[in-house]
file upload_30.txt (compact mmCIF, C-alpha atoms)
# COMPACT_ATOMS: atom_id res chain seq x y z
CA MET A 1363 64.13 -73.98 -115.56
CA LEU A 1364 62.89 -74.39 -112.00
CA ILE A 1365 64.94 -77.53 -111.39
CA PRO A 1366 67.95 -75.47 -110.16
CA VAL A 1367 65.79 -73.90 -107.44
CA PHE A 1368 64.53 -77.33 -106.43
CA THR A 1369 67.99 -78.89 -106.22
CA ARG A 1370 69.35 -75.86 -104.37
CA GLU A 1371 66.66 -76.19 -101.69
CA LEU A 1372 67.29 -79.92 -101.30
CA LEU A 1373 71.04 -79.29 -101.03
CA LEU A 1374 70.49 -76.58 -98.41
CA ALA A 1375 68.17 -78.87 -96.43
CA VAL A 1376 70.83 -81.58 -96.42
CA ARG A 1377 73.47 -79.10 -95.21
CA ARG A 1378 71.12 -77.57 -92.64
CA PRO A 1379 68.93 -80.48 -91.52
CA SER A 1380 67.76 -79.06 -88.18
CA ASP A 1381 64.70 -77.20 -89.53
CA ALA A 1382 63.12 -80.21 -91.20
CA LEU A 1383 64.17 -82.67 -88.50
CA SER A 1384 62.80 -80.58 -85.64
CA GLY A 1385 59.38 -80.54 -87.29
CA LEU A 1386 59.44 -84.32 -87.76
CA LEU A 1387 60.52 -85.02 -84.17
CA PHE A 1388 57.91 -82.58 -82.86
CA PHE A 1389 55.24 -84.46 -84.81
CA ILE A 1390 56.28 -87.84 -83.42
CA LEU A 1391 56.61 -86.58 -79.84
CA VAL A 1392 53.31 -84.70 -79.68
CA GLY A 1393 51.55 -87.61 -81.33
CA SER A 1394 53.02 -89.99 -78.75
CA LEU A 1395 52.28 -87.83 -75.70
CA PHE A 1396 48.50 -88.05 -76.02
CA PRO A 1397 48.22 -91.85 -75.59
CA LEU A 1398 50.59 -91.61 -72.61
CA ALA A 1399 48.57 -88.85 -70.98
CA ILE A 1400 45.12 -90.29 -71.63
CA GLY A 1401 45.92 -93.87 -70.71
CA PRO A 1402 44.82 -97.16 -72.22
CA ASP A 1403 41.28 -96.18 -73.19
CA ALA A 1404 41.22 -97.72 -76.66
CA ALA A 1405 37.80 -96.39 -77.67
CA LEU A 1406 38.64 -92.80 -76.70
CA LEU A 1407 42.04 -92.94 -78.43
CA ARG A 1408 40.41 -94.21 -81.61
CA VAL A 1409 37.98 -91.28 -81.57
CA ILE A 1410 40.53 -88.51 -80.92
CA GLY A 1411 43.30 -90.09 -83.04
CA PRO A 1412 42.66 -88.40 -86.41
CA GLY A 1413 42.24 -84.96 -84.85
CA VAL A 1414 45.38 -85.23 -82.71
CA VAL A 1415 47.51 -86.47 -85.59
CA TRP A 1416 46.26 -83.68 -87.82
CA VAL A 1417 46.80 -80.89 -85.28
CA ALA A 1418 50.29 -82.25 -84.60
CA ALA A 1419 51.00 -82.28 -88.35
CA LEU A 1420 49.72 -78.72 -88.70
CA LEU A 1421 51.96 -77.43 -85.90
CA ALA A 1422 54.94 -79.43 -87.18
CA VAL A 1423 54.59 -77.89 -90.65
CA LEU A 1424 54.37 -74.46 -89.07
CA ILE A 1425 57.54 -75.10 -87.04
CA SER A 1426 59.55 -76.36 -89.99
CA LEU A 1427 58.46 -73.59 -92.36
CA HIS A 1428 58.70 -70.54 -90.12
CA ARG A 1429 62.20 -69.77 -91.36
CA LEU A 1430 61.47 -70.51 -95.01
CA PHE A 1431 62.74 -67.16 -96.31
CA GLU A 1432 64.79 -65.96 -93.34
CA HIS A 1433 68.21 -67.27 -94.42
CA ASP A 1434 67.67 -65.99 -97.94
CA LEU A 1435 66.75 -62.56 -96.60
CA ALA A 1436 69.77 -62.44 -94.30
CA ASP A 1437 72.36 -63.34 -96.93
CA GLY A 1438 70.81 -61.27 -99.73
CA SER A 1439 69.76 -64.21 -101.93
CA LEU A 1440 66.16 -63.04 -101.81
CA GLU A 1441 67.15 -59.70 -103.41
CA GLN A 1442 68.78 -61.62 -106.24
CA TRP A 1443 65.65 -63.75 -106.66
CA LEU A 1444 63.53 -60.64 -107.00
CA LEU A 1445 65.91 -59.30 -109.63
CA ALA A 1446 66.23 -62.57 -111.55
CA PRO A 1447 64.69 -62.42 -115.01
CA ARG A 1448 62.21 -65.11 -113.99
CA THR A 1449 58.80 -64.81 -112.46
CA LEU A 1450 59.02 -64.67 -108.69
CA ILE A 1451 55.75 -66.61 -108.39
CA GLY A 1452 57.34 -69.61 -110.11
CA LEU A 1453 60.41 -69.42 -107.88
CA VAL A 1454 58.27 -69.20 -104.75
CA ALA A 1455 56.04 -72.09 -105.82
CA THR A 1456 59.10 -74.24 -106.51
CA LYS A 1457 60.62 -73.39 -103.16
CA VAL A 1458 57.41 -74.33 -101.33
CA ALA A 1459 57.19 -77.57 -103.34
CA ALA A 1460 60.75 -78.44 -102.36
CA HIS A 1461 59.93 -77.76 -98.73
CA TRP A 1462 56.85 -79.93 -98.91
CA LEU A 1463 59.18 -82.74 -99.96
CA ILE A 1464 61.65 -81.92 -97.18
CA ALA A 1465 59.34 -81.15 -94.29
CA CYS A 1466 55.95 -82.76 -95.02
CA LEU A 1467 56.71 -86.02 -96.80
CA PRO A 1468 58.59 -87.41 -93.74
CA LEU A 1469 55.50 -86.65 -91.62
CA ILE A 1470 53.35 -88.66 -93.97
CA LEU A 1471 55.85 -91.52 -93.89
CA VAL A 1472 55.78 -91.78 -90.08
CA ALA A 1473 52.02 -91.19 -89.79
CA PRO A 1474 51.24 -94.98 -89.91
CA LEU A 1475 53.27 -95.34 -86.70
CA LEU A 1476 51.07 -92.78 -84.96
CA ALA A 1477 47.95 -94.38 -86.41
CA LEU A 1478 49.09 -97.61 -84.75
CA GLN A 1479 49.36 -95.88 -81.36
CA TYR A 1480 45.76 -94.73 -81.60
CA GLY A 1481 44.54 -98.13 -82.74
CA LEU A 1482 43.13 -96.90 -86.04
CA SER A 1483 41.81 -99.61 -88.36
CA ASN A 1484 43.60 -100.22 -91.66
CA GLU A 1485 40.97 -98.34 -93.66
CA ALA A 1486 41.11 -95.37 -91.29
CA ALA A 1487 44.93 -95.34 -91.38
CA ILE A 1488 44.95 -95.37 -95.19
CA CYS A 1489 42.38 -92.58 -95.21
CA LEU A 1490 44.57 -90.60 -92.77
CA ILE A 1491 47.54 -90.96 -95.14
CA ILE A 1492 45.41 -89.80 -98.07
CA THR A 1493 44.19 -86.74 -96.14
CA LEU A 1494 47.78 -85.91 -95.21
CA LEU A 1495 48.89 -86.29 -98.84
CA LEU A 1496 46.12 -83.92 -99.95
CA GLY A 1497 46.26 -81.57 -96.98
CA THR A 1498 49.93 -81.01 -96.20
CA PRO A 1499 50.61 -79.23 -99.54
CA THR A 1500 47.89 -76.77 -98.54
CA LEU A 1501 49.52 -76.34 -95.14
CA ALA A 1502 52.93 -75.82 -96.76
CA LEU A 1503 51.51 -73.16 -99.10
CA LEU A 1504 49.81 -71.37 -96.21
CA GLY A 1505 52.95 -71.69 -94.08
CA GLY A 1506 55.00 -70.14 -96.87
CA LEU A 1507 52.58 -67.24 -97.08
CA GLY A 1508 52.77 -66.74 -93.31
CA ALA A 1509 56.56 -66.88 -93.42
CA ALA A 1510 56.63 -64.23 -96.16
CA LEU A 1511 54.17 -61.96 -94.37
CA THR A 1512 56.11 -62.07 -91.11
CA LEU A 1513 59.54 -61.91 -92.73
CA GLY A 1514 62.02 -59.87 -90.73
CA MET A 1515 59.93 -59.95 -87.55
CA ARG A 1516 61.05 -61.64 -84.41
CA GLY A 1517 59.14 -64.50 -82.91
CA GLN A 1518 56.93 -67.11 -84.40
CA VAL A 1519 53.63 -66.30 -82.74
CA LEU A 1520 52.45 -63.84 -85.37
CA GLN A 1521 52.97 -66.39 -88.13
CA ALA A 1522 50.95 -68.95 -86.17
CA LEU A 1523 48.18 -66.38 -85.65
CA ILE A 1524 48.04 -65.75 -89.40
CA VAL A 1525 48.31 -69.34 -90.59
CA LEU A 1526 46.23 -71.25 -88.03
CA PRO A 1527 42.85 -69.64 -88.84
CA MET A 1528 43.44 -70.23 -92.55
CA SER A 1529 44.24 -73.89 -91.81
CA VAL A 1530 40.85 -74.57 -90.23
CA PRO A 1531 39.06 -75.75 -93.42
CA PRO A 1532 41.65 -78.41 -94.38
CA LEU A 1533 41.79 -79.53 -90.75
CA VAL A 1534 38.01 -79.93 -90.51
CA PHE A 1535 37.63 -81.71 -93.85
CA ALA A 1536 40.56 -84.06 -93.17
CA CYS A 1537 39.33 -85.09 -89.74
CA SER A 1538 35.78 -85.60 -90.94
CA ALA A 1539 37.08 -87.79 -93.79
CA VAL A 1540 38.97 -90.04 -91.37
CA SER A 1541 36.05 -90.17 -88.92
CA ALA A 1542 33.71 -91.11 -91.74
CA SER A 1543 35.95 -93.97 -92.83
CA GLN A 1544 36.14 -95.16 -89.19
CA GLN A 1545 32.36 -95.38 -89.11
CA GLY A 1546 32.24 -97.16 -92.46
CA LEU A 1547 30.83 -94.13 -94.25
CA PRO A 1548 32.18 -92.87 -97.60
CA ALA A 1549 35.08 -90.42 -97.14
CA GLY A 1550 34.88 -89.15 -100.72
CA PRO A 1551 32.99 -85.86 -100.18
CA ALA A 1552 35.34 -84.63 -97.46
CA LEU A 1553 38.35 -85.62 -99.56
CA ASN A 1554 36.91 -83.68 -102.50
CA LEU A 1555 36.63 -80.60 -100.32
CA LEU A 1556 40.20 -81.13 -99.13
CA GLY A 1557 41.28 -81.24 -102.78
CA ALA A 1558 39.36 -78.04 -103.42
CA CYS A 1559 41.26 -76.35 -100.57
CA LEU A 1560 44.53 -77.46 -102.17
CA SER A 1561 43.51 -76.11 -105.60
CA LEU A 1562 42.55 -72.77 -104.11
CA ALA A 1563 45.77 -72.53 -102.09
CA ALA A 1564 47.92 -73.58 -105.07
CA PHE A 1565 46.27 -70.88 -107.15
CA LEU A 1566 46.41 -68.00 -104.66
CA CYS A 1567 49.27 -68.61 -102.22
CA PRO A 1568 52.32 -68.36 -104.54
CA TRP A 1569 50.98 -65.09 -105.90
CA ALA A 1570 50.29 -63.66 -102.43
CA THR A 1571 53.65 -64.92 -101.13
CA ALA A 1572 55.51 -63.26 -103.99
CA ALA A 1573 53.69 -59.97 -103.32
CA ALA A 1574 54.48 -60.21 -99.59
CA LEU A 1575 58.16 -60.81 -100.37
CA ARG A 1576 58.29 -57.74 -102.61
CA LEU A 1577 56.79 -55.68 -99.81
CA ALA A 1578 59.19 -57.11 -97.24
CA LEU A 1579 62.20 -56.05 -99.31
CA GLU A 1580 61.00 -52.59 -100.25
CA MET B 65 88.61 -63.69 -121.14
CA LEU B 66 86.75 -62.14 -124.05
CA ARG B 67 83.69 -60.11 -123.14
CA LYS B 68 80.68 -59.99 -125.35
CA LYS B 69 80.05 -56.51 -126.75
CA HIS B 70 77.12 -54.64 -125.29
CA GLY B 71 74.59 -52.47 -127.10
CA GLU B 72 74.58 -48.74 -127.65
CA HIS B 73 71.86 -47.59 -125.29
CA MET B 74 72.23 -44.77 -122.82
CA LEU B 75 70.73 -44.78 -119.35
CA SER B 76 69.36 -41.40 -118.36
CA ALA B 77 67.42 -40.06 -115.42
CA ARG B 78 65.25 -36.93 -115.47
CA SER B 79 64.25 -35.13 -112.26
CA LEU B 80 64.39 -38.27 -110.20
CA HIS B 81 62.81 -38.13 -106.76
CA CYS B 82 63.13 -40.88 -104.28
CA ARG B 83 61.75 -41.37 -100.81
CA ARG B 84 62.67 -43.76 -98.09
CA GLY B 85 60.48 -44.33 -95.04
CA GLY B 86 58.34 -41.32 -95.96
CA ARG B 87 61.38 -39.03 -96.08
CA ALA B 88 62.71 -37.55 -99.32
CA VAL B 89 66.30 -38.68 -99.78
CA LEU B 90 66.89 -37.58 -103.38
CA LYS B 91 65.32 -34.73 -105.30
CA ASN B 92 65.62 -33.49 -108.86
CA LEU B 93 68.40 -35.80 -109.85
CA ASP B 94 69.52 -35.78 -113.51
CA PHE B 95 72.23 -37.85 -115.09
CA THR B 96 73.06 -39.66 -118.31
CA ILE B 97 75.38 -42.62 -118.64
CA SER B 98 76.67 -43.61 -122.07
CA PRO B 99 78.00 -47.05 -122.93
CA GLY B 100 81.49 -47.41 -121.54
CA GLN B 101 80.91 -44.95 -118.72
CA VAL B 102 80.75 -45.34 -114.98
CA LEU B 103 78.81 -43.07 -112.64
CA ALA B 104 80.57 -42.87 -109.29
CA LEU B 105 78.21 -41.90 -106.49
CA HIS B 106 79.89 -40.08 -103.68
CA GLY B 107 78.36 -38.70 -100.54
CA ALA B 108 78.24 -38.92 -96.79
CA ASN B 109 76.49 -41.77 -94.99
CA GLY B 110 72.76 -41.39 -95.40
CA SER B 111 73.03 -39.19 -98.46
CA GLY B 112 70.95 -41.59 -100.56
CA LYS B 113 73.50 -43.65 -102.50
CA THR B 114 71.93 -46.97 -101.61
CA SER B 115 68.41 -45.63 -102.16
CA LEU B 116 69.33 -44.48 -105.67
CA LEU B 117 70.85 -47.86 -106.51
CA ARG B 118 67.80 -49.70 -105.18
CA VAL B 119 65.53 -47.48 -107.29
CA LEU B 120 67.63 -48.14 -110.39
CA ALA B 121 67.52 -51.88 -109.68
CA GLY B 122 63.76 -51.85 -109.21
CA LEU B 123 63.87 -52.92 -105.57
CA ALA B 124 62.41 -49.64 -104.33
CA PRO B 125 59.67 -47.60 -106.00
CA LEU B 126 60.38 -44.35 -107.78
CA ALA B 127 58.61 -41.42 -106.10
CA SER B 128 58.56 -39.41 -109.33
CA GLY B 129 60.68 -38.63 -112.38
CA GLN B 130 61.60 -40.64 -115.42
CA LEU B 131 64.22 -43.16 -116.36
CA TRP B 132 65.12 -43.76 -119.98
CA TRP B 133 66.93 -46.63 -121.63
CA GLY B 134 67.90 -45.13 -124.96
CA GLU B 135 64.60 -43.93 -126.40
CA GLN B 136 62.54 -46.26 -124.24
CA SER B 137 60.93 -45.29 -120.98
CA LEU B 138 62.27 -47.58 -118.30
CA GLN B 139 60.23 -49.23 -115.58
CA PRO B 140 62.63 -50.46 -112.94
CA GLY B 141 61.52 -53.90 -111.84
CA ASP B 142 60.23 -55.17 -115.18
CA ALA B 143 61.69 -58.39 -116.52
CA GLY B 144 63.43 -56.78 -119.50
CA HIS B 145 65.34 -54.42 -117.24
CA ALA B 146 66.15 -57.19 -114.77
CA ALA B 147 67.75 -59.17 -117.59
CA ARG B 148 70.24 -56.42 -118.44
CA MET B 149 71.45 -55.33 -115.04
CA ALA B 150 73.34 -56.88 -112.16
CA TYR B 151 72.89 -55.57 -108.63
CA LEU B 152 75.23 -56.00 -105.69
CA GLY B 153 74.02 -54.50 -102.42
CA HIS B 154 75.53 -54.53 -98.95
CA GLN B 155 74.75 -58.23 -98.74
CA ASN B 156 76.59 -60.57 -101.03
CA GLY B 157 73.60 -62.63 -102.16
CA LEU B 158 75.40 -65.92 -101.55
CA SER B 159 74.12 -68.89 -99.56
CA THR B 160 76.64 -69.52 -96.82
CA GLU B 161 75.92 -73.26 -96.75
CA LEU B 162 76.75 -73.72 -100.44
CA SER B 163 80.22 -73.67 -101.96
CA ALA B 164 81.45 -70.93 -104.28
CA THR B 165 80.92 -73.13 -107.31
CA GLU B 166 77.42 -74.18 -106.24
CA ASN B 167 76.42 -70.57 -105.62
CA LEU B 168 77.67 -69.35 -108.97
CA ARG B 169 76.24 -72.33 -110.85
CA PHE B 170 72.82 -71.75 -109.32
CA LEU B 171 72.83 -68.05 -110.20
CA GLN B 172 74.03 -68.85 -113.69
CA GLN B 173 71.16 -71.29 -114.17
CA LEU B 174 68.76 -68.71 -112.78
CA GLY B 175 69.93 -65.69 -114.78
CA GLY B 176 72.28 -66.92 -117.49
CA GLY B 177 75.92 -65.98 -117.92
CA THR B 178 79.37 -67.16 -118.80
CA GLU B 179 81.34 -70.16 -117.53
CA VAL B 180 81.60 -70.70 -113.78
CA ALA B 181 85.10 -72.22 -113.61
CA ALA B 182 86.61 -69.54 -115.86
CA THR B 183 84.99 -66.81 -113.77
CA LEU B 184 86.34 -68.29 -110.54
CA GLN B 185 89.76 -68.37 -112.10
CA THR B 186 89.72 -64.75 -113.26
CA TRP B 187 88.76 -63.69 -109.73
CA ASP B 188 91.44 -65.93 -108.23
CA LEU B 189 88.92 -68.02 -106.27
CA LEU B 190 89.70 -71.51 -107.58
CA PRO B 191 91.60 -72.59 -104.42
CA VAL B 192 88.47 -72.05 -102.28
CA ALA B 193 85.89 -72.98 -104.92
CA GLU B 194 84.65 -76.13 -103.19
CA GLN B 195 84.48 -74.77 -99.63
CA PRO B 196 81.18 -73.65 -98.16
CA VAL B 197 80.98 -69.87 -98.30
CA ARG B 198 80.69 -69.61 -94.51
CA TYR B 199 84.33 -70.71 -94.24
CA LEU B 200 85.49 -67.89 -96.54
CA SER B 201 86.74 -64.54 -95.22
CA GLN B 202 84.67 -61.41 -95.70
CA GLY B 203 87.01 -60.24 -98.46
CA GLN B 204 86.78 -63.57 -100.29
CA ARG B 205 82.99 -63.47 -100.06
CA ARG B 206 82.93 -59.97 -101.52
CA ARG B 207 85.21 -61.11 -104.31
CA LEU B 208 82.86 -64.02 -104.99
CA ALA B 209 79.91 -61.62 -105.05
CA LEU B 210 81.75 -59.50 -107.62
CA ALA B 211 82.52 -62.66 -109.59
CA ARG B 212 78.77 -63.27 -109.60
CA VAL B 213 78.20 -59.81 -111.11
CA TRP B 214 80.89 -60.50 -113.69
CA LEU B 215 79.44 -63.93 -114.48
CA GLY B 216 76.07 -62.50 -115.52
CA GLN B 217 77.60 -60.45 -118.40
CA ARG B 218 74.92 -57.83 -117.92
CA VAL B 219 75.31 -54.41 -119.51
CA LEU B 220 74.52 -52.36 -116.40
CA TRP B 221 76.26 -52.94 -113.07
CA LEU B 222 74.75 -51.41 -109.94
CA LEU B 223 77.27 -51.82 -107.15
CA ASP B 224 76.98 -50.63 -103.57
CA GLU B 225 80.40 -50.27 -101.94
CA PRO B 226 81.88 -53.08 -104.04
CA CYS B 227 85.30 -52.78 -102.46
CA ALA B 228 84.17 -53.10 -98.84
CA ALA B 229 86.38 -55.70 -97.12
CA LEU B 230 88.55 -56.21 -100.22
CA ASP B 231 92.34 -56.25 -99.80
CA SER B 232 94.55 -54.16 -102.08
CA ALA B 233 94.98 -57.04 -104.54
CA GLY B 234 91.22 -57.41 -104.65
CA VAL B 235 90.73 -53.70 -105.26
CA THR B 236 93.22 -53.77 -108.14
CA MET B 237 91.44 -56.81 -109.54
CA PHE B 238 88.09 -55.03 -109.28
CA ASP B 239 89.38 -51.94 -111.09
CA ALA B 240 90.83 -54.10 -113.87
CA HIS B 241 87.57 -55.97 -114.35
CA LEU B 242 85.58 -52.75 -114.25
CA SER B 243 87.80 -51.29 -116.99
CA GLN B 244 87.25 -54.42 -119.10
CA HIS B 245 83.50 -54.15 -118.56
CA LEU B 246 83.56 -50.50 -119.67
CA GLU B 247 85.74 -51.27 -122.69
CA ALA B 248 83.17 -53.83 -123.81
CA GLY B 249 80.55 -51.07 -123.80
CA GLY B 250 79.15 -51.83 -120.36
CA MET B 251 77.87 -49.23 -117.90
CA ALA B 252 78.08 -49.03 -114.14
CA VAL B 253 76.69 -47.02 -111.26
CA ILE B 254 78.91 -47.45 -108.23
CA ALA B 255 78.46 -46.05 -104.75
CA THR B 256 81.93 -45.69 -103.33
CA HIS B 257 84.09 -43.75 -100.90
CA ARG B 258 87.32 -44.24 -102.81
CA ALA B 259 88.42 -42.97 -106.21
CA LEU B 260 87.87 -45.53 -108.98
CA ASP B 261 90.93 -46.31 -111.05
CA VAL B 262 89.41 -46.05 -114.52
CA PRO B 263 90.27 -43.75 -117.46
CA ALA B 264 89.11 -40.18 -116.77
CA SER B 265 87.14 -40.11 -120.03
CA SER B 266 84.82 -42.86 -118.80
CA LEU B 267 84.33 -41.56 -115.27
CA GLN B 268 81.47 -39.34 -114.11
CA ARG B 269 81.19 -38.17 -110.54
CA LEU B 270 77.92 -37.46 -108.83
CA ASP B 271 78.23 -35.90 -105.40
CA LEU B 272 74.98 -36.41 -103.53
CA ASP B 273 76.03 -34.06 -100.72
CA THR B 274 75.96 -31.03 -103.00
CA LEU B 275 72.38 -31.59 -104.15
CA PRO B 276 70.03 -28.82 -102.97
CA LEU B 277 67.97 -31.31 -101.01
CA ASN B 278 67.70 -29.50 -97.71
CA SER B 279 66.53 -26.18 -99.13
CA LEU B 280 63.92 -28.00 -101.20
CA LEU B 281 62.77 -29.92 -98.17
CA ASN B 282 62.22 -26.67 -96.32
CA GLU B 283 60.20 -25.32 -99.22
CA ASP B 284 58.09 -28.46 -99.03
CA ILE B 285 57.49 -27.87 -95.37
CA TYR B 286 56.49 -24.23 -95.99
CA ALA B 287 54.23 -25.34 -98.84
CA ALA B 288 52.59 -27.86 -96.56
CA CYS B 289 51.98 -25.15 -93.95

call {"tool": "encode", "arguments": {"input": "upload_30.txt", "output": "structure tokens"}}
result
Amino acid sequence: MLIPVFTRELLLAVRRPSDALSGLLFFILVGSLFPLAIGPDAALLRVIGPGVVWVAALLAVLISLHRLFEHDLADGSLEQWLLAPRTLIGLVATKVAAHWLIACLPLILVAPLLALQYGLSNEAAICLIITLLLGTPTLALLGGLGAALTLGMRGQVLQALIVLPMSVPPLVFACSAVSASQQGLPAGPALNLLGACLSLAAFLCPWATAAALRLALE
Amino acid sequence: MLRKKHGEHMLSARSLHCRRGGRAVLKNLDFTISPGQVLALHGANGSGKTSLLRVLAGLAPLASGQLWWGEQSLQPGDAGHAARMAYLGHQNGLSTELSATENLRFLQQLGGGTEVAATLQTWDLLPVAEQPVRYLSQGQRRRLALARVWLGQRVLWLLDEPCAALDSAGVTMFDAHLSQHLEAGGMAVIATHRALDVPASSLQRLDLDTLPLNSLLNEDIYAAC
């Protein structure tokens, strides 16, 4: 039943690729600027690498999701979604899942390139990919909530102010997991906490996003 | 195209009040629509036509009053009500990046309805069916939005200025489809500035300008003092 929503989002992303692409290019550029600015200090780069990659990913997700509901609001599709005889929570969750595929999966695919620039070891790079796989769905869910709460407002700053504080736990757990694996320590506990963040977000965010959308259209 | 017959329930409103932005726009509104009838909402700009339609659709909350669907009390916004009405607001509800066919097919999968190709044909949209909606004219988009309403085969149509941007052929087409919908036992509430071309027996007029809103508002103000 939710497959039509999924295919519609993918089709729209193909027809309107700028939103997803701008996030991806932002991620690559920001990730590449740090090594250029800091210079060839391999030890320092290795230490800051996980944090920089994660902050860049966080901002890139925010950039690509800030217009998640804007087109649908402008053309009236959102009204029709609210009136569809289906639960809005399911529709919202599907839309966010589709946008994770469109906006976040490419980030994860290019992350090994950035890991190379910071000289991360193989284990650390694999751990970084795992944290991104576990963490970006949380970021997408939070970004969707922020987009719904700020729907119809101009400017992106308010959404960043709402989403960034909520993104602190996944950011901290992800970076500590990668650091632990760099030092040869087990990354499991931090990854567990990252998974817990995802479960909590998957449980609460679609519901809160649907409520925010109802309010925005009232 | 054959229309499926609709049920025998009446939609009635009792002392409906509705507020928008903290301001009362409708007060003490009563009406009853039987199957096969259309309620034409007339009134100046800002008289509350859109607000009433949004309340009936469940997009805006009801300040007070009751709505009845036959013998059942009606909560606008619940899933059962959503499944029997189609709403068309000022916006067409179509993604401009998708083609006419893709838009209709998506909405059909979301809410059910009759065949997409047949609907496009009855609304004379087949020649532009594969073009993205952003290349269509305003009138063609409105026609597509009406085709979407038609596609859903819902019993209650809530239409806000359906004929905006339509050419005379489009208006004739709309009146013909509306008559068919009413003949099949459907109902409609339509905010409009022009006279609808449907049989007089199935037409009810509600003039929102003549409601005693202003005097009541003043009483409210005195009561508050």

call {"tool": "interface_residues", "arguments": {"input": "upload_30.txt", "of": "chain A", "to": "chain B", "cutoff": "7 Å", "atoms": "only C-alpha atoms", "output": "PDB file with C-alpha atoms, in the coordinates of the input"}}
result
ATOM      1  CA  PRO A1366      67.950 -75.470-110.160  1.00  0.00           C
ATOM      2  CA  LEU A1374      70.490 -76.580 -98.410  1.00  0.00           C
ATOM      3  CA  ARG A1377      73.470 -79.100 -95.210  1.00  0.00           C
ATOM      4  CA  ASP A1437      72.360 -63.340 -96.930  1.00  0.00           C
ATOM      5  CA  GLY A1438      70.810 -61.270 -99.730  1.00  0.00           C
ATOM      6  CA  SER A1439      69.760 -64.210-101.930  1.00  0.00           C
ATOM      7  CA  GLN A1442      68.780 -61.620-106.240  1.00  0.00           C
ATOM      8  CA  LEU A1445      65.910 -59.300-109.630  1.00  0.00           C
ATOM      9  CA  ALA A1446      66.230 -62.570-111.550  1.00  0.00           C
ATOM     10  CA  PRO A1447      64.690 -62.420-115.010  1.00  0.00           C
ATOM     11  CA  GLU A1580      61.000 -52.590-100.250  1.00  0.00           C
TER      12      GLU A1580
END

call {"tool": "residues_around", "arguments": {"input": "upload_30.txt", "residues": "Phe1396 (chain A)", "least_positions_apart": "2", "cutoff": "10 Å", "atoms": "all atoms listed in the file", "output": "PDB file with C-alpha atoms, keeping the file's coordinate frame"}}
result
ATOM      1  CA  LEU A1391      56.610 -86.580 -79.840  1.00  0.00           C
ATOM      2  CA  VAL A1392      53.310 -84.700 -79.680  1.00  0.00           C
ATOM      3  CA  GLY A1393      51.550 -87.610 -81.330  1.00  0.00           C
ATOM      4  CA  SER A1394      53.020 -89.990 -78.750  1.00  0.00           C
ATOM      5  CA  LEU A1398      50.590 -91.610 -72.610  1.00  0.00           C
ATOM      6  CA  ALA A1399      48.570 -88.850 -70.980  1.00  0.00           C
ATOM      7  CA  ILE A1400      45.120 -90.290 -71.630  1.00  0.00           C
ATOM      8  CA  GLY A1401      45.920 -93.870 -70.710  1.00  0.00           C
ATOM      9  CA  LEU A1407      42.040 -92.940 -78.430  1.00  0.00           C
ATOM     10  CA  ILE A1410      40.530 -88.510 -80.920  1.00  0.00           C
ATOM     11  CA  GLY A1411      43.300 -90.090 -83.040  1.00  0.00           C
ATOM     12  CA  VAL A1414      45.380 -85.230 -82.710  1.00  0.00           C
ATOM     13  CA  VAL A1415      47.510 -86.470 -85.590  1.00  0.00           C
ATOM     14  CA  GLN A1479      49.360 -95.880 -81.360  1.00  0.00           C
ATOM     15  CA  TYR A1480      45.760 -94.730 -81.600  1.00  0.00           C
TER      16      TYR A1480
END

call {"tool": "atom_distance", "arguments": {"input": "upload_30.txt", "atom1": "CA of Leu116 (chain B)", "atom2": "CA of Val89 (chain B)"}}
result
8.8 Å

call {"tool": "residues_around", "arguments": {"input": "upload_30.txt", "residues": "Ser1541 (chain A)", "least_positions_apart": "6", "cutoff": "9 Å", "atoms": "all atoms listed in the file", "output": "VMD selection string"}}
result
chain A and resid 1409 1412 1486 1547 1549

call {"tool": "residues_around", "arguments": {"input": "upload_30.txt", "residues": "His1428 (chain A)", "least_positions_apart": "3", "cutoff": "10 Å", "atoms": "all atoms listed in the file", "output": "count of residues only"}}
result
19

call {"tool": "axis_aligned_box", "arguments": {"input": "upload_30.txt", "around": "region 1391-1409 of chain A", "padding_each_side": "3 Å", "output": "JSON"}}
result
{"center_x": 47.2, "center_y": -91.2, "center_z": -76.2, "size_x": 24.8, "size_y": 19.0, "size_z": 16.9}

call {"tool": "atom_distance", "arguments": {"input": "upload_30.txt", "atom1": "CA of Ser201 (chain B)", "atom2": "CA of Val180 (chain B)"}}
result
20.2 Å

call {"tool": "atom_distance", "arguments": {"input": "upload_30.txt", "atom1": "CA of Gly110 (chain B)", "atom2": "CA of Met251 (chain B)"}}
result
24.4 Å

call {"tool": "closest_residue", "arguments": {"input": "upload_30.txt", "among": "A:Ala1564, A:Leu1495, A:Leu1478, A:Ala1418", "to": "Val1458 (chain A)", "atoms": "all atoms listed in the file"}}
result
A:Ala1564

call {"tool": "decode", "arguments": {"input": "upload_30.txt", "residues": "region 80-91 of chain B", "atoms": "C-alpha atoms", "output": "CSV table (one decimal), in the first residue's frame"}}
result
chain,number,residue,atom,x,y,z
B,80,LEU,CA,-22.5,25.2,12.8
B,81,HIS,CA,-20.0,27.7,14.1
B,82,CYS,CA,-16.6,28.1,12.6
B,83,ARG,CA,-13.7,30.3,13.4
B,84,ARG,CA,-10.6,31.3,11.4
B,85,GLY,CA,-7.6,33.0,13.0
B,86,GLY,CA,-9.6,33.6,16.2
B,87,ARG,CA,-12.3,35.4,14.3
B,88,ALA,CA,-15.8,33.9,13.8
B,89,VAL,CA,-16.5,33.5,10.1
B,90,LEU,CA,-19.7,31.4,10.3
B,91,LYS,CA,-22.4,31.3,12.9
